[in-house]
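> Got a structure for you, my_file_25.cif, holding mmCIF, C-alpha atoms and all ligand atoms.
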data_entry
loop_
_atom_site.group_PDB
_atom_site.id
_atom_site.type_symbol
_atom_site.label_atom_id
_atom_site.label_comp_id
_atom_site.auth_asym_id
_atom_site.auth_seq_id
_atom_site.Cartn_x
_atom_site.Cartn_y
_atom_site.Cartn_z
ATOM 1 C CA MET A 28 0.000 0.000 0.000
ATOM 2 C CA ASP A 29 1.170 3.526 -0.750
ATOM 3 C CA TYR A 30 0.379 6.404 1.630
ATOM 4 C CA PHE A 31 -0.058 10.147 1.169
ATOM 5 C CA PRO A 32 1.855 12.080 3.844
ATOM 6 C CA MET A 33 -0.477 14.772 5.162
ATOM 7 C CA ASN A 34 0.637 18.222 6.339
ATOM 8 C CA ASN A 35 0.234 17.371 10.044
ATOM 9 C CA GLY A 36 2.483 14.322 10.010
ATOM 10 C CA THR A 37 -0.262 11.700 9.708
ATOM 11 C CA ARG A 38 -0.498 9.577 6.559
ATOM 12 C CA ILE A 39 -3.499 8.303 4.690
ATOM 13 C CA PRO A 40 -3.637 5.076 2.634
ATOM 14 C CA MET A 41 -3.993 5.878 -1.084
ATOM 15 C CA VAL A 42 -6.754 3.287 -1.618
ATOM 16 C CA GLY A 43 -9.856 2.466 0.378
ATOM 17 C CA VAL A 44 -13.578 1.855 0.033
ATOM 18 C CA GLY A 45 -16.565 4.191 0.024
ATOM 19 C CA VAL A 46 -20.108 3.313 1.068
ATOM 20 C CA TYR A 47 -22.226 6.081 -0.485
ATOM 21 C CA THR A 48 -25.754 4.802 -1.404
ATOM 22 C CA PHE A 49 -25.269 1.613 0.659
ATOM 23 C CA THR A 50 -27.878 0.481 3.175
ATOM 24 C CA PRO A 51 -26.476 -0.139 6.660
ATOM 25 C CA ALA A 52 -26.364 -3.883 5.935
ATOM 26 C CA GLU A 53 -24.649 -3.360 2.574
ATOM 27 C CA ALA A 54 -22.122 -0.998 4.146
ATOM 28 C CA GLN A 55 -21.434 -3.531 6.876
ATOM 29 C CA ALA A 56 -20.893 -6.324 4.338
ATOM 30 C CA ALA A 57 -18.666 -4.211 2.051
ATOM 31 C CA VAL A 58 -16.500 -2.936 4.912
ATOM 32 C CA GLU A 59 -16.148 -6.417 6.422
ATOM 33 C CA THR A 60 -15.047 -7.787 3.038
ATOM 34 C CA ALA A 61 -12.659 -4.897 2.520
ATOM 35 C CA LEU A 62 -11.062 -5.191 5.959
ATOM 36 C CA ARG A 63 -10.685 -8.950 5.499
ATOM 37 C CA ASP A 64 -8.888 -8.310 2.189
ATOM 38 C CA GLY A 65 -6.460 -5.835 3.723
ATOM 39 C CA VAL A 66 -8.163 -2.516 2.858
ATOM 40 C CA ARG A 67 -7.630 -0.069 5.721
ATOM 41 C CA LEU A 68 -9.260 3.184 4.520
ATOM 42 C CA ILE A 69 -13.042 3.526 4.894
ATOM 43 C CA ASP A 70 -15.096 6.532 3.788
ATOM 44 C CA THR A 71 -18.604 7.175 5.128
ATOM 45 C CA ALA A 72 -20.683 10.225 6.108
ATOM 46 C CA ASN A 73 -23.539 11.243 8.386
ATOM 47 C CA ALA A 74 -25.636 11.654 5.251
ATOM 48 C CA TYR A 75 -25.108 8.080 4.033
ATOM 49 C CA LEU A 76 -27.120 6.939 7.052
ATOM 50 C CA ASN A 77 -24.885 3.890 7.437
ATOM 51 C CA GLU A 78 -22.298 4.914 10.054
ATOM 52 C CA LYS A 79 -23.683 2.317 12.481
ATOM 53 C CA GLY A 80 -23.264 -0.448 9.866
ATOM 54 C CA VAL A 81 -19.670 0.648 9.263
ATOM 55 C CA GLY A 82 -19.045 0.575 12.994
ATOM 56 C CA ARG A 83 -20.459 -2.964 13.260
ATOM 57 C CA ALA A 84 -18.138 -4.103 10.455
ATOM 58 C CA ILE A 85 -15.081 -2.624 12.180
ATOM 59 C CA LYS A 86 -15.967 -4.457 15.409
ATOM 60 C CA ALA A 87 -16.735 -7.746 13.658
ATOM 61 C CA SER A 88 -13.521 -7.639 11.603
ATOM 62 C CA GLY A 89 -11.277 -7.907 14.646
ATOM 63 C CA VAL A 90 -8.830 -5.526 12.916
ATOM 64 C CA PRO A 91 -7.249 -3.304 15.585
ATOM 65 C CA ARG A 92 -8.722 0.197 15.511
ATOM 66 C CA GLU A 93 -5.300 1.827 15.123
ATOM 67 C CA GLU A 94 -4.733 -0.058 11.851
ATOM 68 C CA ILE A 95 -7.851 1.460 10.293
ATOM 69 C CA PHE A 96 -8.097 4.915 8.700
ATOM 70 C CA LEU A 97 -11.721 5.888 9.251
ATOM 71 C CA VAL A 98 -13.276 8.890 7.538
ATOM 72 C CA THR A 99 -16.677 10.459 8.080
ATOM 73 C CA LYS A 100 -18.328 13.762 7.161
ATOM 74 C CA LEU A 101 -20.539 16.146 9.069
ATOM 75 C CA TRP A 102 -23.720 17.198 7.290
ATOM 76 C CA PRO A 103 -24.596 20.957 7.163
ATOM 77 C CA SER A 104 -27.620 20.541 9.457
ATOM 78 C CA VAL A 105 -25.247 19.615 12.303
ATOM 79 C CA TYR A 106 -22.286 21.921 11.528
ATOM 80 C CA GLU A 107 -23.274 24.221 14.379
ATOM 81 C CA SER A 108 -24.100 21.464 16.870
ATOM 82 C CA GLU A 109 -21.703 21.033 19.788
ATOM 83 C CA THR A 110 -22.379 17.299 19.792
ATOM 84 C CA ALA A 111 -21.956 16.635 16.035
ATOM 85 C CA THR A 112 -18.572 14.916 16.323
ATOM 86 C CA ASP A 113 -19.457 12.925 19.449
ATOM 87 C CA ASP A 114 -22.703 11.791 17.829
ATOM 88 C CA ALA A 115 -20.826 10.493 14.771
ATOM 89 C CA LEU A 116 -18.254 8.743 16.993
ATOM 90 C CA ARG A 117 -21.037 7.080 18.949
ATOM 91 C CA ARG A 118 -22.758 5.833 15.783
ATOM 92 C CA LEU A 119 -19.423 4.487 14.499
ATOM 93 C CA GLY A 120 -18.615 2.913 17.882
ATOM 94 C CA VAL A 121 -15.146 4.494 18.024
ATOM 95 C CA ASP A 122 -13.487 7.143 20.170
ATOM 96 C CA TYR A 123 -11.795 8.987 17.308
ATOM 97 C CA VAL A 124 -11.907 9.213 13.530
ATOM 98 C CA ASP A 125 -8.824 9.632 11.390
ATOM 99 C CA LEU A 126 -10.320 12.298 9.149
ATOM 100 C CA LEU A 127 -13.435 14.428 9.563
ATOM 101 C CA PHE A 128 -14.832 16.442 6.653
ATOM 102 C CA LEU A 129 -17.424 19.153 6.308
ATOM 103 C CA HIS A 130 -19.535 17.513 3.618
ATOM 104 C CA GLN A 131 -20.920 20.516 1.718
ATOM 105 C CA PRO A 132 -20.111 24.229 1.298
ATOM 106 C CA THR A 133 -23.267 25.699 2.841
ATOM 107 C CA ASP A 134 -23.215 29.207 4.312
ATOM 108 C CA ASN A 135 -22.605 27.922 7.864
ATOM 109 C CA TRP A 136 -19.274 26.296 6.884
ATOM 110 C CA ARG A 137 -17.247 28.679 9.066
ATOM 111 C CA GLU A 138 -19.109 27.562 12.223
ATOM 112 C CA GLY A 139 -18.684 23.966 11.051
ATOM 113 C CA TYR A 140 -14.978 24.378 10.468
ATOM 114 C CA ARG A 141 -14.454 25.836 13.956
ATOM 115 C CA ASN A 142 -16.319 22.780 15.250
ATOM 116 C CA VAL A 143 -14.009 20.295 13.483
ATOM 117 C CA GLU A 144 -10.960 22.303 14.566
ATOM 118 C CA LYS A 145 -12.197 21.963 18.148
ATOM 119 C CA ALA A 146 -12.637 18.207 17.678
ATOM 120 C CA ALA A 147 -9.053 18.011 16.382
ATOM 121 C CA ARG A 148 -7.736 19.907 19.424
ATOM 122 C CA GLU A 149 -9.660 17.541 21.689
ATOM 123 C CA GLY A 150 -8.083 14.486 20.016
ATOM 124 C CA LYS A 151 -11.386 13.249 18.607
ATOM 125 C CA VAL A 152 -10.130 13.486 15.017
ATOM 126 C CA ARG A 153 -6.593 13.082 13.660
ATOM 127 C CA ALA A 154 -7.086 15.206 10.549
ATOM 128 C CA ILE A 155 -9.715 17.577 9.148
ATOM 129 C CA GLY A 156 -10.876 18.778 5.777
ATOM 130 C CA VAL A 157 -13.727 19.859 3.550
ATOM 131 C CA SER A 158 -15.619 18.316 0.675
ATOM 132 C CA ASN A 159 -17.084 19.909 -2.450
ATOM 133 C CA PHE A 160 -15.719 23.400 -1.761
ATOM 134 C CA ASP A 161 -14.243 23.257 -5.279
ATOM 135 C CA ILE A 162 -17.750 23.919 -6.620
ATOM 136 C CA PHE A 163 -17.366 27.600 -5.717
ATOM 137 C CA PRO A 164 -14.323 29.313 -7.240
ATOM 138 C CA GLY A 165 -12.019 30.782 -4.604
ATOM 139 C CA MET A 166 -13.686 29.046 -1.663
ATOM 140 C CA THR A 167 -10.801 26.660 -0.995
ATOM 141 C CA GLU A 168 -8.399 29.608 -0.748
ATOM 142 C CA GLU A 169 -10.872 31.414 1.538
ATOM 143 C CA LEU A 170 -11.009 28.355 3.782
ATOM 144 C CA VAL A 171 -7.214 28.121 3.971
ATOM 145 C CA ASP A 172 -7.117 31.798 5.071
ATOM 146 C CA PHE A 173 -9.884 31.284 7.613
ATOM 147 C CA ALA A 174 -8.473 28.078 9.083
ATOM 148 C CA GLU A 175 -6.637 28.086 12.397
ATOM 149 C CA ILE A 176 -5.762 24.462 11.644
ATOM 150 C CA LYS A 177 -5.068 24.147 7.899
ATOM 151 C CA PRO A 178 -7.034 21.332 6.261
ATOM 152 C CA GLN A 179 -5.176 18.065 5.722
ATOM 153 C CA ALA A 180 -7.398 16.826 2.901
ATOM 154 C CA VAL A 181 -10.195 17.812 0.568
ATOM 155 C CA GLN A 182 -12.650 15.392 -0.981
ATOM 156 C CA VAL A 183 -13.859 16.355 -4.451
ATOM 157 C CA GLU A 184 -15.215 14.784 -7.611
ATOM 158 C CA ALA A 185 -12.198 13.642 -9.628
ATOM 159 C CA HIS A 186 -11.692 11.139 -12.463
ATOM 160 C CA PRO A 187 -10.094 11.170 -15.911
ATOM 161 C CA TYR A 188 -12.969 13.261 -17.350
ATOM 162 C CA TYR A 189 -12.511 15.873 -14.573
ATOM 163 C CA PRO A 190 -9.020 15.567 -13.131
ATOM 164 C CA GLN A 191 -9.039 18.738 -10.990
ATOM 165 C CA THR A 192 -5.733 19.939 -12.428
ATOM 166 C CA GLU A 193 -6.125 23.565 -11.260
ATOM 167 C CA LEU A 194 -7.386 22.744 -7.771
ATOM 168 C CA LYS A 195 -4.527 20.328 -7.233
ATOM 169 C CA LYS A 196 -2.001 23.101 -7.891
ATOM 170 C CA THR A 197 -3.561 25.100 -5.031
ATOM 171 C CA LEU A 198 -3.714 22.068 -2.738
ATOM 172 C CA SER A 199 -0.099 21.112 -3.344
ATOM 173 C CA LYS A 200 1.023 24.555 -2.065
ATOM 174 C CA TYR A 201 -0.380 23.616 1.350
ATOM 175 C CA GLY A 202 0.354 19.877 1.326
ATOM 176 C CA ILE A 203 -3.388 19.115 1.269
ATOM 177 C CA ALA A 204 -4.335 15.620 0.096
ATOM 178 C CA THR A 205 -6.852 15.179 -2.737
ATOM 179 C CA MET A 206 -9.389 12.442 -2.133
ATOM 180 C CA ALA A 207 -11.253 11.590 -5.330
ATOM 181 C CA TRP A 208 -14.958 10.804 -5.221
ATOM 182 C CA TYR A 209 -16.542 9.078 -8.244
ATOM 183 C CA PRO A 210 -13.031 7.800 -9.068
ATOM 184 C CA LEU A 211 -14.581 5.321 -11.531
ATOM 185 C CA GLY A 212 -17.239 7.748 -12.779
ATOM 186 C CA HIS A 213 -19.936 6.298 -10.475
ATOM 187 C CA GLY A 214 -20.308 3.305 -12.819
ATOM 188 C CA ASP A 215 -20.500 5.311 -16.061
ATOM 189 C CA LYS A 216 -19.780 2.641 -18.668
ATOM 190 C CA LYS A 217 -18.533 5.221 -21.139
ATOM 191 C CA LEU A 218 -15.594 6.090 -18.889
ATOM 192 C CA LEU A 219 -14.421 2.559 -18.128
ATOM 193 C CA GLU A 220 -14.956 1.525 -21.755
ATOM 194 C CA GLU A 221 -12.559 4.155 -23.072
ATOM 195 C CA PRO A 222 -10.228 2.165 -25.372
ATOM 196 C CA VAL A 223 -7.080 3.325 -23.554
ATOM 197 C CA PHE A 224 -8.148 1.358 -20.477
ATOM 198 C CA ALA A 225 -8.743 -1.844 -22.463
ATOM 199 C CA VAL A 226 -5.321 -1.599 -24.115
ATOM 200 C CA LEU A 227 -3.511 -1.062 -20.814
ATOM 201 C CA ALA A 228 -5.602 -3.689 -19.023
ATOM 202 C CA GLU A 229 -4.473 -6.220 -21.626
ATOM 203 C CA LYS A 230 -0.828 -5.130 -21.306
ATOM 204 C CA TYR A 231 -0.719 -5.383 -17.504
ATOM 205 C CA GLY A 232 -3.154 -8.273 -16.978
ATOM 206 C CA LYS A 233 -5.477 -5.997 -14.994
ATOM 207 C CA THR A 234 -9.028 -4.705 -15.484
ATOM 208 C CA SER A 235 -9.993 -1.288 -16.847
ATOM 209 C CA ALA A 236 -11.084 -0.243 -13.352
ATOM 210 C CA GLN A 237 -7.671 -1.154 -11.976
ATOM 211 C CA ILE A 238 -5.954 0.894 -14.694
ATOM 212 C CA ALA A 239 -8.161 3.900 -13.893
ATOM 213 C CA LEU A 240 -7.455 3.559 -10.172
ATOM 214 C CA ARG A 241 -3.725 3.129 -10.771
ATOM 215 C CA TRP A 242 -3.822 6.379 -12.794
ATOM 216 C CA HIS A 243 -5.404 8.115 -9.792
ATOM 217 C CA VAL A 244 -2.814 6.800 -7.367
ATOM 218 C CA GLN A 245 0.081 7.782 -9.618
ATOM 219 C CA SER A 246 -1.548 11.220 -10.011
ATOM 220 C CA GLY A 247 -1.451 11.570 -6.229
ATOM 221 C CA ASN A 248 -5.174 11.015 -5.618
ATOM 222 C CA VAL A 249 -6.442 9.025 -2.669
ATOM 223 C CA VAL A 250 -9.324 6.851 -4.005
ATOM 224 C CA ILE A 251 -12.361 5.347 -2.331
ATOM 225 C CA PRO A 252 -14.160 3.327 -5.031
ATOM 226 C CA GLY A 253 -17.556 1.932 -4.100
ATOM 227 C CA SER A 254 -18.706 -1.605 -4.798
ATOM 228 C CA ARG A 255 -21.023 -4.195 -3.331
ATOM 229 C CA ASN A 256 -19.176 -6.896 -5.266
ATOM 230 C CA PRO A 257 -16.467 -8.689 -3.212
ATOM 231 C CA ASP A 258 -14.414 -9.389 -6.355
ATOM 232 C CA HIS A 259 -14.392 -5.699 -7.249
ATOM 233 C CA ILE A 260 -13.467 -4.721 -3.700
ATOM 234 C CA ARG A 261 -10.483 -7.067 -3.834
ATOM 235 C CA GLN A 262 -9.544 -5.960 -7.344
ATOM 236 C CA ASN A 263 -9.746 -2.241 -6.536
ATOM 237 C CA PHE A 264 -7.147 -2.697 -3.814
ATOM 238 C CA ASP A 265 -4.772 -4.776 -5.948
ATOM 239 C CA LEU A 266 -2.958 -1.907 -7.652
ATOM 240 C CA PHE A 267 0.568 -2.040 -6.350
ATOM 241 C CA ASP A 268 2.332 -4.668 -8.464
ATOM 242 C CA PHE A 269 2.512 -2.596 -11.647
ATOM 243 C CA ALA A 270 3.109 1.007 -12.720
ATOM 244 C CA LEU A 271 1.957 3.031 -15.724
ATOM 245 C CA THR A 272 4.642 4.746 -17.769
ATOM 246 C CA GLU A 273 4.683 8.517 -18.182
ATOM 247 C CA GLY A 274 3.368 8.115 -21.722
ATOM 248 C CA GLU A 275 0.496 5.938 -20.504
ATOM 249 C CA MET A 276 -0.339 8.437 -17.756
ATOM 250 C CA ALA A 277 -0.438 11.156 -20.425
ATOM 251 C CA LYS A 278 -2.794 9.105 -22.631
ATOM 252 C CA ILE A 279 -5.246 8.762 -19.745
ATOM 253 C CA ALA A 280 -4.827 12.456 -18.881
ATOM 254 C CA ALA A 281 -5.884 13.230 -22.474
ATOM 255 C CA LEU A 282 -9.400 11.964 -21.592
ATOM 256 C CA ASP A 283 -9.920 15.243 -19.667
ATOM 257 C CA LYS A 284 -13.210 16.806 -20.863
ATOM 258 C CA ASN A 285 -13.483 19.299 -18.007
ATOM 259 C CA GLU A 286 -16.847 17.615 -17.361
ATOM 260 C CA ARG A 287 -18.305 16.824 -13.971
ATOM 261 C CA TYR A 288 -21.050 14.259 -13.334
ATOM 262 C CA TYR A 289 -22.459 16.380 -10.503
ATOM 263 C CA ASN A 290 -23.383 19.946 -11.370
ATOM 264 C CA GLY A 291 -25.212 21.198 -8.286
ATOM 265 C CA THR A 292 -26.508 24.752 -8.514
ATOM 266 C CA PRO A 293 -25.763 27.200 -5.671
ATOM 267 C CA GLU A 294 -29.485 26.974 -4.727
ATOM 268 C CA GLN A 295 -29.326 23.164 -4.470
ATOM 269 C CA ILE A 296 -26.218 23.322 -2.320
ATOM 270 C CA ALA A 297 -27.737 26.003 -0.060
ATOM 271 C CA SER A 298 -30.789 23.766 0.426
ATOM 272 C CA PHE A 299 -28.670 20.957 1.938
ATOM 273 C CA LYS A 300 -28.714 22.754 5.290
ATOM 274 C CA ALA A 301 -32.468 22.233 5.556
ATOM 275 C CA TRP A 302 -32.183 18.449 5.173
ATOM 276 C CA ALA A 303 -32.013 17.408 8.807
ATOM 277 C CA PRO A 304 -32.845 13.741 9.308
ATOM 278 C CA ASP A 305 -32.429 12.023 12.659
ATOM 279 C CA PHE A 306 -29.032 10.466 11.966
ATOM 280 C CA ASP A 307 -29.417 8.207 14.988
ATOM 281 C CA ALA A 308 -32.550 6.586 13.568
ATOM 282 C CA GLN A 309 -30.561 4.319 11.187
ATOM 283 C CA GLU A 310 -30.356 0.562 11.847
HETATM 284 P P1 LIG A 401 -17.295 5.117 -8.094
HETATM 285 O O1 LIG A 401 -16.691 6.016 -9.110
HETATM 286 O O2 LIG A 401 -16.440 4.501 -7.066
HETATM 287 O O3 LIG A 401 -18.056 4.012 -8.940
HETATM 288 C C1 LIG A 401 -18.819 3.028 -8.347
HETATM 289 C C2 LIG A 401 -19.385 2.151 -9.456
HETATM 290 O O4 LIG A 401 -18.326 1.454 -10.091
HETATM 291 C C3 LIG A 401 -20.378 1.140 -8.962
HETATM 292 O O5 LIG A 401 -21.400 1.038 -9.933
HETATM 293 C C4 LIG A 401 -19.554 -0.141 -8.909
HETATM 294 O O6 LIG A 401 -20.343 -1.266 -9.087
HETATM 295 C C5 LIG A 401 -18.574 0.063 -10.038
HETATM 296 N N1 LIG A 401 -17.292 -0.616 -9.775
HETATM 297 C C6 LIG A 401 -16.567 -0.556 -8.631
HETATM 298 N N2 LIG A 401 -15.459 -1.311 -8.755
HETATM 299 C C7 LIG A 401 -15.481 -1.841 -9.999
HETATM 300 C C8 LIG A 401 -14.621 -2.697 -10.716
HETATM 301 N N3 LIG A 401 -13.493 -3.165 -10.175
HETATM 302 N N4 LIG A 401 -14.965 -3.040 -11.972
HETATM 303 C C9 LIG A 401 -16.087 -2.573 -12.533
HETATM 304 N N5 LIG A 401 -16.958 -1.750 -11.913
HETATM 305 C C10 LIG A 401 -16.653 -1.384 -10.652
HETATM 306 O O7 LIG A 401 -18.524 5.938 -7.443
HETATM 307 P P2 LIG A 401 -19.163 5.962 -5.991
HETATM 308 O O8 LIG A 401 -19.164 4.605 -5.390
HETATM 309 O O9 LIG A 401 -20.446 6.667 -6.090
HETATM 310 O O10 LIG A 401 -18.160 6.892 -5.195
HETATM 311 C C11 LIG A 401 -17.094 6.383 -4.429
HETATM 312 C C12 LIG A 401 -17.111 6.955 -3.047
HETATM 313 O O11 LIG A 401 -16.864 8.360 -3.091
HETATM 314 C C13 LIG A 401 -18.455 6.872 -2.322
HETATM 315 O O12 LIG A 401 -18.742 5.581 -1.827
HETATM 316 C C14 LIG A 401 -18.274 7.881 -1.235
HETATM 317 O O13 LIG A 401 -17.494 7.340 -0.194
HETATM 318 C C15 LIG A 401 -17.506 8.968 -1.983
HETATM 319 N N6 LIG A 401 -18.379 10.070 -2.452
HETATM 320 C C16 LIG A 401 -18.301 11.263 -1.827
HETATM 321 C C17 LIG A 401 -19.087 12.325 -2.234
HETATM 322 C C18 LIG A 401 -18.982 13.626 -1.546
HETATM 323 O O14 LIG A 401 -19.862 14.495 -1.740
HETATM 324 N N7 LIG A 401 -17.992 13.845 -0.726
HETATM 325 C C19 LIG A 401 -19.975 12.161 -3.315
HETATM 326 C C20 LIG A 401 -20.029 10.926 -3.943
HETATM 327 C C21 LIG A 401 -19.227 9.877 -3.513
#
Just give me the structure of the file as structure tokens.
Ligand code: NAD

Amino acid sequence: MDYFPMNNGTRIPMVGVGVYTFTPAEAQAAVETALRDGVRLIDTANAYLNEKGVGRAIKASGVPREEIFLVTKLWPSVYESETATDDALRRLGVDYVDLLFLHQPTDNWREGYRNVEKAAREGKVRAIGVSNFDIFPGMTEELVDFAEIKPQAVQVEAHPYYPQTELKKTLSKYGIATMAWYPLGHGDKKLLEEPVFAVLAEKYGKTSAQIALRWHVQSGNVVIPGSRNPDHIRQNFDLFDFALTEGEMAKIAALDKNERYYNGTPEQIASFKAWAPDFDAQE
């Protein structure tokens, strides 16, 4: 496994699993499979309503807590709550998380960021960051100025069709890790069926998904592909016995269309604050 060294001295595994859209039982099964196969990075969120399932999988796996890099995200409706971090820890059944994100750039992000900074000072989280702030130009820079504790990571949509080249230049100035969501295009067949992946898959005896994920890792992106399929989970982690050449990296980079899958309007993003489910009500 390769690791990205974060700007506070902690390091994050480059490859893990994500459980967006999974029911609690599906999240539990996927995380148990992943941990059994050696995956140590797990990405969930309040909003996925499956933190309890993830916590059950961690317990059942028997893998020592300190070997796992656990990530969750606070939802805007709880940014201003004093108990937001403790509530997430309780649902996950742990006494710290390795990385805590603000999930969305709603107008209360400053209060939220002070909250995660406080959690970091209290030892409840080992690293902090924000997700989706790239949607608004200049917001990442504004956050870096505002921060008393500089973010260690950002989580943004990133894949060969939208590689985040500009954002990554800003992040590298501050040693901030890029975590790519939708690393495989959220199952978009068009992306994984790009001929360049088939050619390289044949050359290296890998699958197209593995070539795409290897491109991410060599580009410096931490990836958290999602799958309910145990074979895919295993495959997505098996990326470290080959390397793409510079020319091959460039061919994949040429797929850049500057096209996102998610194009939320400012109004949609603002409305996230009003979605306030009872996060404890999940199974
Ligand atoms: P993804 O790009 O990881 O694609 C998942 C799709 O690819 C699924 O349809 C899966 O069946 C398929 N797949 C996975 N492995 C495969 C393989 N080896 N071969 C063929 N197909 C394969 O998209 P995702 O799962 O939606 O996103 C990944 C993670 O990113 C999420 O689980 C979540 O943790 C995170 N995420 C974060 C945000 C955010 O706002 N911060 C938004 C979306 C997703």
> Assuming the chain letters and numbering stay as they are in my file, what does the PyMOL selection byres (((not hetatm)) within 8 of (chain A and resi 401)) actually select? List them as a ChimeraX atom specification.
/A:44-48,69-72,100,130-131,158-159,182-184,186,207-215,219,234-237,250-256,258-260,262-263
> Kindly indicate which residue among A:Glu286, A:Pro40, A:Glu78, A:Leu68 lies nearest to Ala54 (chain A), using only C-alpha atoms for the distances.
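That would be A:Glu78, the residue with the smallest distance to Ala54 (chain A).
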> Any chance you could resolve the PyMOL selection byres (((chain A and resi 37) around 12) and not hetatm) against this file and give the residues as a ChimeraX atom specification?
/A:30-36,38-40,96,125-126,152-155,179-180,202-204
> Can you work out the spacing between CA of Ile85 (chain A) and CA of Ala52 (chain A) in Å, to one decimal?
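Interatomic distance, CA of Ile85 (chain A) to CA of Ala52 (chain A): 13.0 Å.
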> In Å, rounded to a single decimal, give me how far CA of Tyr188 (chain A) is from CA of Lys284 (chain A).
5.0 Å
> Please list as a VMD selection string every residue within 7 Å of region 65-67 of chain A, counting only C-alpha atoms and excluding residues in the same chain fewer than 4 positions away.
chain A and resid 43 61 94 to 96 264
> If you count all atoms listed in the file, which residues fall within 9 Å of Glu175 (chain A), apart from same-chain ones fewer than 4 positions away, as a PyMOL selection string?
chain A and resi 141+144+171
> Please write the residues from the selection above to a file, keeping C-alpha atoms, as a compact mmCIF listing (two decimals), in the frame of the given file.

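The file below, again12.txt, is the result:
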# COMPACT_ATOMS: atom_id res chain seq x y z
CA ARG A 141 -14.45 25.84 13.96
CA GLU A 144 -10.96 22.30 14.57
CA VAL A 171 -7.21 28.12 3.97
> Kindly resolve the PyMOL selection byres (((chain A and resi 121-124) around 10) and not hetatm) on the present coordinates and return the residues as a ChimeraX atom specification.
/A:82,85-86,92-93,95-99,112-113,115-120,125-127,146-147,149-155
> Go through A:Ser88, A:Gln55, A:Thr50, A:Gln245 and flag the residue nearest Met276 (chain A), using all atoms listed in the file for the distances.
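Between A:Ser88, A:Gln55, A:Thr50, A:Gln245, the residue approaching Met276 (chain A) most closely is A:Gln245.
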> Measure the distance from CA of Asp114 (chain A) to CA of Lys79 (chain A) in Å and round it to one decimal.
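CA of Lys79 (chain A) lies at a distance of 10.9 Å from CA of Asp114 (chain A).
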